[in-house]
$ cat entry.cif   # mmCIF, C-alpha atoms
data_data
loop_
_atom_site.label_atom_id
_atom_site.label_comp_id
_atom_site.auth_asym_id
_atom_site.auth_seq_id
_atom_site.Cartn_x
_atom_site.Cartn_y
_atom_site.Cartn_z
CA VAL A 1 -171.44 -115.35 72.74
CA ASN A 2 -172.32 -112.73 70.19
CA THR A 3 -172.63 -113.24 66.50
CA ALA A 4 -170.51 -111.14 64.12
CA ALA A 5 -171.93 -107.78 63.22
CA THR A 6 -172.79 -106.87 59.66
CA GLN A 7 -169.92 -104.83 58.34
CA GLU A 8 -170.75 -101.25 57.37
CA THR A 9 -168.76 -99.40 54.75
CA ILE A 10 -168.21 -95.70 55.33
CA ALA A 11 -167.19 -93.57 52.36
CA VAL A 12 -164.67 -90.92 53.36
CA ASN A 13 -163.68 -87.88 51.33
CA THR A 14 -161.47 -85.32 52.98
CA VAL A 15 -159.70 -84.23 49.81
CA ARG A 16 -159.96 -80.49 49.36
CA PRO A 17 -161.01 -79.34 45.88
CA THR A 18 -158.55 -77.32 43.81
CA ILE A 19 -159.28 -74.61 41.27
CA SER A 20 -157.30 -73.46 38.25
CA ILE A 21 -157.76 -70.15 36.44
CA SER A 22 -156.96 -69.30 32.83
CA SER A 23 -157.78 -66.40 30.53
CA ALA A 24 -157.93 -65.75 26.81
CA PRO A 25 -156.59 -64.01 24.88
CA THR A 26 -153.08 -64.02 26.33
CA THR A 27 -152.11 -60.87 24.42
CA PRO A 28 -152.74 -57.40 25.93
CA ILE A 29 -156.40 -56.36 25.84
CA GLY A 30 -157.62 -52.83 25.35
CA GLY A 31 -160.13 -50.66 23.56
CA PRO A 32 -163.52 -52.41 23.45
CA ASN A 33 -161.95 -55.84 23.96
CA THR A 34 -162.51 -58.17 26.92
CA ALA A 35 -160.99 -61.42 28.17
CA THR A 36 -162.76 -64.68 28.91
CA VAL A 37 -161.72 -66.13 32.26
CA THR A 38 -162.20 -69.87 32.83
CA PHE A 39 -162.37 -71.53 36.25
CA THR A 40 -161.83 -75.30 36.39
CA LEU A 41 -162.58 -77.07 39.69
CA SER A 42 -161.23 -80.51 40.56
CA ALA A 43 -164.62 -81.44 42.05
CA ALA A 44 -168.12 -80.16 41.40
CA SER A 45 -169.34 -77.33 43.59
CA ALA A 46 -172.81 -75.93 44.11
CA ASP A 47 -171.72 -72.79 45.94
CA PHE A 48 -168.96 -71.28 43.75
CA THR A 49 -170.00 -67.69 42.96
CA LEU A 50 -168.54 -64.51 41.50
CA SER A 51 -168.02 -63.13 45.01
CA ASP A 52 -165.45 -65.89 45.59
CA VAL A 53 -163.14 -64.31 43.01
CA VAL A 54 -160.62 -61.56 43.80
CA VAL A 55 -159.85 -59.11 40.96
CA SER A 56 -156.91 -56.73 41.34
CA GLY A 57 -158.30 -54.20 38.85
CA GLY A 58 -160.96 -53.96 36.19
CA GLN A 59 -164.29 -55.78 36.41
CA LEU A 60 -165.30 -59.43 36.29
CA THR A 61 -168.92 -60.04 35.31
CA GLY A 62 -171.31 -62.62 33.97
CA LEU A 63 -170.23 -65.80 35.73
CA THR A 64 -171.84 -68.79 34.03
CA GLY A 65 -171.41 -72.54 34.35
CA SER A 66 -172.04 -75.25 36.90
CA GLY A 67 -170.40 -78.19 38.59
CA SER A 68 -166.68 -78.00 37.92
CA SER A 69 -166.48 -75.52 35.01
CA TYR A 70 -167.28 -71.79 34.97
CA THR A 71 -166.49 -68.76 32.79
CA ALA A 72 -166.73 -65.00 33.30
CA THR A 73 -165.91 -61.84 31.35
CA PHE A 74 -163.07 -59.51 32.36
CA THR A 75 -163.24 -55.85 31.34
CA PRO A 76 -159.94 -53.96 31.78
CA PRO A 77 -159.67 -50.62 33.60
CA ALA A 78 -159.39 -47.46 31.53
CA ASN A 79 -156.09 -45.79 30.67
CA SER A 80 -153.94 -48.56 32.14
CA THR A 81 -151.00 -50.77 31.24
CA THR A 82 -150.99 -52.58 34.59
CA THR A 83 -151.07 -56.38 34.50
CA GLU A 84 -154.15 -57.43 36.48
CA THR A 85 -154.64 -60.68 38.40
CA ILE A 86 -157.59 -62.97 39.01
CA SER A 87 -157.42 -65.18 42.11
CA VAL A 88 -159.50 -67.34 44.45
CA THR A 89 -158.50 -67.66 48.12
CA GLU A 90 -158.95 -70.83 50.13
CA ASN A 91 -162.17 -72.00 51.78
CA VAL A 92 -164.57 -69.82 49.80
CA PHE A 93 -166.46 -72.71 48.17
CA THR A 94 -167.00 -76.39 48.96
CA ASP A 95 -167.39 -79.66 47.12
CA GLY A 96 -170.35 -81.98 47.57
CA ASP A 97 -168.86 -83.42 50.78
CA GLY A 98 -168.28 -80.05 52.42
CA ASN A 99 -164.53 -79.82 51.85
CA GLY A 100 -163.28 -76.27 51.48
CA ASN A 101 -161.14 -75.39 48.47
CA THR A 102 -157.42 -74.72 48.36
CA ALA A 103 -156.20 -71.34 47.05
CA ALA A 104 -155.77 -70.98 43.30
CA THR A 105 -152.62 -69.86 41.55
CA PRO A 106 -153.49 -66.32 40.36
CA ALA A 107 -153.93 -65.78 36.62
CA SER A 108 -152.36 -62.71 35.03
CA ILE A 109 -154.13 -60.64 32.38
CA LEU A 110 -152.11 -58.24 30.24
CA VAL A 111 -153.81 -54.85 29.88
CA ASP A 112 -153.21 -51.95 27.53
CA THR A 113 -156.04 -49.43 27.44
CA VAL A 114 -153.86 -46.37 26.76
CA ALA A 115 -154.83 -44.78 23.45
CA PRO A 116 -152.02 -44.09 21.00
CA SER A 117 -151.30 -40.58 19.80
CA ALA A 118 -152.88 -39.37 16.58
CA PRO A 119 -151.01 -40.49 13.46
CA GLY A 120 -149.16 -38.06 11.26
CA ILE A 121 -150.33 -37.41 7.70
CA SER A 122 -148.80 -35.28 4.97
CA LEU A 123 -149.12 -34.79 1.23
CA SER A 124 -146.81 -37.17 -0.62
CA SER A 125 -143.80 -35.67 -2.36
CA SER A 126 -145.15 -37.18 -5.59
CA ALA A 127 -148.17 -34.84 -5.44
CA THR A 128 -148.01 -31.09 -5.94
CA GLY A 129 -151.29 -30.26 -4.13
CA PRO A 130 -153.61 -28.91 -3.04
CA LEU A 131 -155.05 -29.32 -6.57
CA ILE A 132 -154.68 -33.03 -7.32
CA ASN A 133 -154.98 -34.62 -10.75
CA PHE A 134 -155.93 -38.22 -11.59
CA ALA A 135 -152.34 -39.39 -12.02
CA GLU A 136 -151.27 -38.01 -8.63
CA ALA A 137 -154.31 -39.43 -6.83
CA THR A 138 -153.76 -42.96 -8.18
CA SER A 139 -149.96 -42.96 -8.23
CA PRO A 140 -148.37 -46.13 -6.76
CA LEU A 141 -146.08 -43.76 -4.86
CA GLY A 142 -149.12 -42.76 -2.82
CA LEU A 143 -151.10 -39.59 -2.34
CA ILE A 144 -150.83 -39.28 1.44
CA ASP A 145 -147.82 -40.26 3.57
CA VAL A 146 -148.80 -41.63 7.00
CA THR A 147 -146.80 -42.39 10.12
CA GLY A 148 -147.93 -44.14 13.30
CA ASP A 149 -147.00 -46.84 15.76
CA ALA A 150 -145.48 -50.19 14.89
CA GLY A 151 -148.18 -52.85 14.76
CA ALA A 152 -150.98 -50.29 14.49
CA THR A 153 -153.55 -50.00 11.72
CA ILE A 154 -153.71 -46.45 10.40
CA ASN A 155 -157.17 -45.60 9.08
CA VAL A 156 -157.10 -42.78 6.53
CA ALA A 157 -160.45 -41.17 5.69
CA PHE A 158 -160.99 -39.26 2.44
CA THR A 159 -164.24 -37.26 2.54
CA GLY A 160 -165.53 -35.72 -0.69
CA VAL A 161 -168.67 -34.03 -1.91
CA ASN A 162 -170.34 -37.32 -2.85
CA GLY A 163 -169.08 -39.68 -0.16
CA SER A 164 -166.12 -40.97 1.80
CA VAL A 165 -163.41 -43.56 1.17
CA PRO A 166 -161.49 -45.38 3.93
CA VAL A 167 -157.94 -46.56 3.28
CA SER A 168 -156.02 -48.71 5.76
CA VAL A 169 -152.25 -48.57 6.11
CA SER A 170 -150.13 -50.80 8.35
CA GLY A 171 -147.89 -48.95 10.81
CA PRO A 172 -145.41 -47.64 11.52
CA SER A 173 -145.46 -45.88 8.13
CA GLY A 174 -146.82 -46.15 4.62
CA VAL A 175 -148.79 -44.40 1.92
CA ALA A 176 -152.51 -44.10 1.16
CA ILE A 177 -153.34 -44.77 -2.47
CA LEU A 178 -156.66 -44.08 -4.21
CA THR A 179 -158.17 -45.97 -7.13
CA ALA A 180 -160.23 -44.71 -10.02
CA GLY A 181 -163.30 -46.12 -8.32
CA ASN A 182 -162.44 -44.23 -5.14
CA LEU A 183 -162.30 -40.96 -7.08
CA THR A 184 -165.77 -41.63 -8.49
CA THR A 185 -167.08 -42.19 -4.97
CA LEU A 186 -165.55 -38.93 -3.73
CA GLY A 187 -166.75 -36.87 -6.67
CA ASP A 188 -165.22 -33.73 -8.16
CA GLY A 189 -164.59 -31.05 -5.60
CA PRO A 190 -162.90 -30.53 -2.24
CA VAL A 191 -161.64 -33.57 -0.36
CA ALA A 192 -160.73 -33.55 3.35
CA VAL A 193 -158.22 -36.13 4.58
CA THR A 194 -157.91 -37.21 8.22
CA ALA A 195 -156.61 -40.31 9.98
CA THR A 196 -156.79 -42.28 13.20
CA GLN A 197 -154.81 -45.30 14.28
CA THR A 198 -155.81 -48.42 16.19
CA ASP A 199 -153.02 -50.16 18.07
CA ALA A 200 -152.54 -53.92 18.48
CA ALA A 201 -154.55 -53.92 21.73
CA GLY A 202 -157.57 -52.30 20.05
CA ASN A 203 -157.19 -48.72 21.31
CA GLU A 204 -158.13 -45.96 18.88
CA SER A 205 -156.35 -42.62 18.75
CA LEU A 206 -157.72 -39.13 18.38
CA VAL A 207 -158.14 -37.75 14.87
CA SER A 208 -155.09 -36.33 13.09
CA ASN A 209 -154.72 -32.94 11.48
CA THR A 210 -156.77 -32.35 8.32
CA ILE A 211 -155.34 -32.04 4.81
CA ASN A 212 -157.63 -30.26 2.35
CA LEU A 213 -157.34 -31.24 -1.31
CA GLU A 214 -159.13 -30.01 -4.41
#
$ encode --input "entry.cif" --output "C-alpha cells"
Amino acid sequence: VNTAATQETIAVNTVRPTISISSAPTTPIGGPNTATVTFTLSAASADFTLSDVVVSGGQLTGLTGSGSSYTATFTPPANSTTTETISVTENVFTDGDGNGNTAATPASILVDTVAPSAPGISLSSSATGPLINFAEATSPLGLIDVTGDAGATINVAFTGVNGSVPVSVSGPSGVAILTAGNLTTLGDGPVAVTATQTDAAGNESLVSNTINLE
C-alpha cells in the first residue's frame, strides 16, 4: 500500500495582458508641437517595443519605459487636419508567463498643422499717416488695425532705424498700440510694420503686407 504523495502546487496564469493608450494634450496639435503618448500594460512585459504600435499617420518616436508603463512622442503630419490614431493589435507582446496581449482600444489624436492665412493690417482711422506724430502713435485707439482668426495671436512687428518692437493682439481683431518707450526703441525715422498670426494649434502664418510709416 502506497503512502500519500507530497502535494505539489502549480501556479497557473493564462490571463492575457491588456494595454491602454492615452495621449496629451487632448487639444489639436500643430506647428512645432508634439503629443506624449502613454501606454499602460496590465502586466509587466519585457518585449513591448515601438514596432508593436500602429500609427495611422505622423510619426511615433522615442519609446521609453519598462515593465508596465511606457511613453513615446507623436509628431503630426504636415498640412493636415486628419485625426490620427495610435493602436496596438493583439499578440504582439507577452507578459512574464508568455501570455500574448489583447488588442488595445485605439487612441485618437487631434491634428491641425494647416497654417492660417496672413493677417490683415491697416493704418488706424485715428492716424493720418504715413507721417505719424507722438499722439497718433500712442493713442488708445491704436495705430494699426489688425484682423485675423478667432483664437489666434496676431504678432505685429514694428521695425525702425534703431530696433524693433513686437506687439501682440488677440484675434480675431484688435489694434496695435505703441508706448513712449517703444518709440524710443524704434528711433526717429522710417518704420516698417508687418504681422504674422499663430493659431491655437501653434501654426504660424506667412507675413502680411507691409505698412511704411515715417
$ resolve_selection --input "entry.cif" --expression "the PyMOL selection byres ((chain A and resi 70) around 10)" --output "mmCIF file with C-alpha atoms, in the frame of the given file"
data_model
loop_
_atom_site.group_PDB
_atom_site.id
_atom_site.type_symbol
_atom_site.label_atom_id
_atom_site.label_comp_id
_atom_site.auth_asym_id
_atom_site.auth_seq_id
_atom_site.Cartn_x
_atom_site.Cartn_y
_atom_site.Cartn_z
ATOM 1 C CA ILE A 21 -157.760 -70.150 36.440
ATOM 2 C CA VAL A 37 -161.720 -66.130 32.260
ATOM 3 C CA THR A 38 -162.200 -69.870 32.830
ATOM 4 C CA PHE A 39 -162.370 -71.530 36.250
ATOM 5 C CA THR A 40 -161.830 -75.300 36.390
ATOM 6 C CA LEU A 41 -162.580 -77.070 39.690
ATOM 7 C CA PHE A 48 -168.960 -71.280 43.750
ATOM 8 C CA THR A 49 -170.000 -67.690 42.960
ATOM 9 C CA LEU A 50 -168.540 -64.510 41.500
ATOM 10 C CA LEU A 63 -170.230 -65.800 35.730
ATOM 11 C CA THR A 64 -171.840 -68.790 34.030
ATOM 12 C CA GLY A 65 -171.410 -72.540 34.350
ATOM 13 C CA SER A 66 -172.040 -75.250 36.900
ATOM 14 C CA GLY A 67 -170.400 -78.190 38.590
ATOM 15 C CA SER A 68 -166.680 -78.000 37.920
ATOM 16 C CA SER A 69 -166.480 -75.520 35.010
ATOM 17 C CA THR A 71 -166.490 -68.760 32.790
ATOM 18 C CA ALA A 72 -166.730 -65.000 33.300
#
$ closest_residue --input "entry.cif" --among "A:Asn212, A:Ser56, A:Thr89, A:Thr61" --to "Leu131 in chain A" --atoms "only C-alpha atoms"
A:Asn212
$ resolve_selection --input "entry.cif" --expression "the PyMOL selection byres ((chain A and resi 205) around 7)" --output "list in words"
Ala115, Pro116, Ser117, Ala118, Thr196, Gln197, Thr198, Asn203, Glu204, Leu206 and Val207 of chain A
$ residues_around --input "entry.cif" --residues "Phe158 in chain A" --least-positions-apart "4" --cutoff "7 Å" --atoms "all atoms listed in the file" --output "PyMOL selection string"
chain A and resi 164-166+191-194
$ resolve_selection --input "entry.cif" --expression "the PyMOL selection byres ((chain A and resi 59) around 10)" --output "JSON, numbers by chain"
{"A": [34, 55, 56, 57, 58, 60, 61, 73, 74, 75, 76, 77]}
$ residues_around --input "entry.cif" --residues "Gly202 in chain A" --least-positions-apart "2" --cutoff "12 Å" --atoms "only C-alpha atoms" --output "PyMOL selection string"
chain A and resi 27-34+111-116+151-154+197-200+204-205
$ atom_distance --input "entry.cif" --atom1 "CA of Pro190 in chain A" --atom2 "CA of Thr147 in chain A"
23.5 Å
$ atom_distance --input "entry.cif" --atom1 "CA of Ile211 in chain A" --atom2 "CA of Ile144 in chain A"
9.2 Å
$ closest_residue --input "entry.cif" --among "A:Pro25, A:Gln7, A:Val15, A:Val88" --to "Ser51 in chain A" --atoms "all atoms listed in the file"
A:Val88
